[in-house]
Amino acid sequence: MSRAQTAASKRYNLKAYDRIEITVPKGNREIIAQAAAAAGMSVNAFIKEAIEAQIAKQSA
């Protein structure tokens, strides 16, 4: 990817997405990654699905 494309992607991501940083105890990152892989998902998708499920549960 060219520098111009990288810069354009960065600008788009800043406009289109919010970022949330989480901190987990040492070792939990690998446990989360393994659980995501077992579900056939990326870590990001796995975490997003877990958050959405919790929100749906609270809204019910």
# chains A, B, ... in the order shown; residues from 1 in each chain; ligands from 1
>>> residues_around(residues="Ile20 in chain A", least_positions_apart="2", cutoff="12 Å", atoms="only C-alpha atoms", output="list in words")
Tyr17, Asp18, Ile22, Thr23, Asn44, Ile47, Lys48 and Ile51 of chain A
>>> atom_distance(atom1="CA of Ser42 in chain A", atom2="CA of Gly27 in chain A")
17.5 Å
>>> select_by_dssp(residues="chain A", states="helix (DSSP H, G or I)", output="PyMOL selection string")
chain A and resi 3-16+28-38+43-59
>>> decode(residues="range 29-53 of chain A", atoms="N, CA, C and O atoms", output="mmCIF file, in the first residue's frame")
data_model
loop_
_atom_site.group_PDB
_atom_site.id
_atom_site.type_symbol
_atom_site.label_atom_id
_atom_site.label_comp_id
_atom_site.auth_asym_id
_atom_site.auth_seq_id
_atom_site.Cartn_x
_atom_site.Cartn_y
_atom_site.Cartn_z
ATOM 1 N N ARG A 29 -5.004 -12.175 27.221
ATOM 2 C CA ARG A 29 -5.022 -11.860 25.791
ATOM 3 C C ARG A 29 -4.965 -13.149 24.978
ATOM 4 O O ARG A 29 -5.711 -13.309 24.009
ATOM 5 N N GLU A 30 -4.102 -14.057 25.367
ATOM 6 C CA GLU A 30 -3.978 -15.322 24.655
ATOM 7 C C GLU A 30 -5.233 -16.172 24.813
ATOM 8 O O GLU A 30 -5.680 -16.815 23.861
ATOM 9 N N ILE A 31 -5.827 -16.171 25.993
ATOM 10 C CA ILE A 31 -7.071 -16.920 26.226
ATOM 11 C C ILE A 31 -8.183 -16.379 25.328
ATOM 12 O O ILE A 31 -8.930 -17.145 24.715
ATOM 13 N N ILE A 32 -8.276 -15.063 25.221
ATOM 14 C CA ILE A 32 -9.285 -14.426 24.364
ATOM 15 C C ILE A 32 -9.016 -14.775 22.902
ATOM 16 O O ILE A 32 -9.940 -15.110 22.154
ATOM 17 N N ALA A 33 -7.760 -14.719 22.485
ATOM 18 C CA ALA A 33 -7.401 -15.038 21.097
ATOM 19 C C ALA A 33 -7.748 -16.491 20.767
ATOM 20 O O ALA A 33 -8.248 -16.784 19.673
ATOM 21 N N GLN A 34 -7.499 -17.401 21.697
ATOM 22 C CA GLN A 34 -7.830 -18.810 21.476
ATOM 23 C C GLN A 34 -9.338 -19.019 21.394
ATOM 24 O O GLN A 34 -9.823 -19.781 20.553
ATOM 25 N N ALA A 35 -10.085 -18.346 22.248
ATOM 26 C CA ALA A 35 -11.546 -18.460 22.221
ATOM 27 C C ALA A 35 -12.099 -17.904 20.908
ATOM 28 O O ALA A 35 -13.016 -18.480 20.314
ATOM 29 N N ALA A 36 -11.547 -16.797 20.464
ATOM 30 C CA ALA A 36 -11.973 -16.203 19.191
ATOM 31 C C ALA A 36 -11.670 -17.147 18.033
ATOM 32 O O ALA A 36 -12.521 -17.366 17.164
ATOM 33 N N ALA A 37 -10.479 -17.720 18.031
ATOM 34 C CA ALA A 37 -10.100 -18.659 16.967
ATOM 35 C C ALA A 37 -11.015 -19.882 16.970
ATOM 36 O O ALA A 37 -11.440 -20.348 15.903
ATOM 37 N N ALA A 38 -11.342 -20.382 18.151
ATOM 38 C CA ALA A 38 -12.236 -21.536 18.259
ATOM 39 C C ALA A 38 -13.627 -21.217 17.712
ATOM 40 O O ALA A 38 -14.310 -22.093 17.186
ATOM 41 N N ALA A 39 -14.026 -19.951 17.832
ATOM 42 C CA ALA A 39 -15.325 -19.517 17.308
ATOM 43 C C ALA A 39 -15.229 -19.126 15.830
ATOM 44 O O ALA A 39 -16.232 -18.736 15.224
ATOM 45 N N GLY A 40 -14.013 -19.183 15.272
ATOM 46 C CA GLY A 40 -13.820 -18.817 13.869
ATOM 47 C C GLY A 40 -13.914 -17.329 13.629
ATOM 48 O O GLY A 40 -14.350 -16.887 12.565
ATOM 49 N N MET A 41 -13.508 -16.545 14.640
ATOM 50 C CA MET A 41 -13.635 -15.090 14.564
ATOM 51 C C MET A 41 -12.304 -14.423 14.863
ATOM 52 O O MET A 41 -11.434 -15.019 15.483
ATOM 53 N N SER A 42 -12.199 -13.163 14.441
ATOM 54 C CA SER A 42 -11.064 -12.359 14.863
ATOM 55 C C SER A 42 -11.300 -11.945 16.311
ATOM 56 O O SER A 42 -12.434 -12.011 16.811
ATOM 57 N N VAL A 43 -10.248 -11.530 16.988
ATOM 58 C CA VAL A 43 -10.392 -11.063 18.370
ATOM 59 C C VAL A 43 -11.341 -9.867 18.410
ATOM 60 O O VAL A 43 -12.214 -9.778 19.281
ATOM 61 N N ASN A 44 -11.195 -8.952 17.470
ATOM 62 C CA ASN A 44 -12.053 -7.773 17.436
ATOM 63 C C ASN A 44 -13.523 -8.165 17.280
ATOM 64 O O ASN A 44 -14.387 -7.682 18.022
ATOM 65 N N ALA A 45 -13.816 -9.053 16.339
ATOM 66 C CA ALA A 45 -15.197 -9.488 16.128
ATOM 67 C C ALA A 45 -15.733 -10.224 17.347
ATOM 68 O O ALA A 45 -16.892 -10.044 17.737
ATOM 69 N N PHE A 46 -14.891 -11.043 17.973
ATOM 70 C CA PHE A 46 -15.278 -11.788 19.165
ATOM 71 C C PHE A 46 -15.667 -10.838 20.298
ATOM 72 O O PHE A 46 -16.716 -11.006 20.935
ATOM 73 N N ILE A 47 -14.853 -9.827 20.530
ATOM 74 C CA ILE A 47 -15.123 -8.861 21.599
ATOM 75 C C ILE A 47 -16.369 -8.040 21.267
ATOM 76 O O ILE A 47 -17.224 -7.820 22.134
ATOM 77 N N LYS A 48 -16.488 -7.596 20.010
ATOM 78 C CA LYS A 48 -17.663 -6.825 19.621
ATOM 79 C C LYS A 48 -18.942 -7.632 19.808
ATOM 80 O O LYS A 48 -19.947 -7.112 20.307
ATOM 81 N N GLU A 49 -18.917 -8.913 19.439
ATOM 82 C CA GLU A 49 -20.098 -9.768 19.603
ATOM 83 C C GLU A 49 -20.447 -9.937 21.079
ATOM 84 O O GLU A 49 -21.626 -9.914 21.455
ATOM 85 N N ALA A 50 -19.435 -10.099 21.931
ATOM 86 C CA ALA A 50 -19.677 -10.239 23.368
ATOM 87 C C ALA A 50 -20.304 -8.965 23.937
ATOM 88 O O ALA A 50 -21.235 -9.033 24.752
ATOM 89 N N ILE A 51 -19.831 -7.825 23.495
ATOM 90 C CA ILE A 51 -20.391 -6.549 23.958
ATOM 91 C C ILE A 51 -21.835 -6.412 23.493
ATOM 92 O O ILE A 51 -22.729 -6.039 24.277
ATOM 93 N N GLU A 52 -22.082 -6.712 22.226
ATOM 94 C CA GLU A 52 -23.438 -6.595 21.683
ATOM 95 C C GLU A 52 -24.401 -7.545 22.395
ATOM 96 O O GLU A 52 -25.547 -7.172 22.673
ATOM 97 N N ALA A 53 -23.942 -8.750 22.729
ATOM 98 C CA ALA A 53 -24.785 -9.707 23.460
ATOM 99 C C ALA A 53 -25.121 -9.178 24.842
ATOM 100 O O ALA A 53 -26.272 -9.314 25.312
#
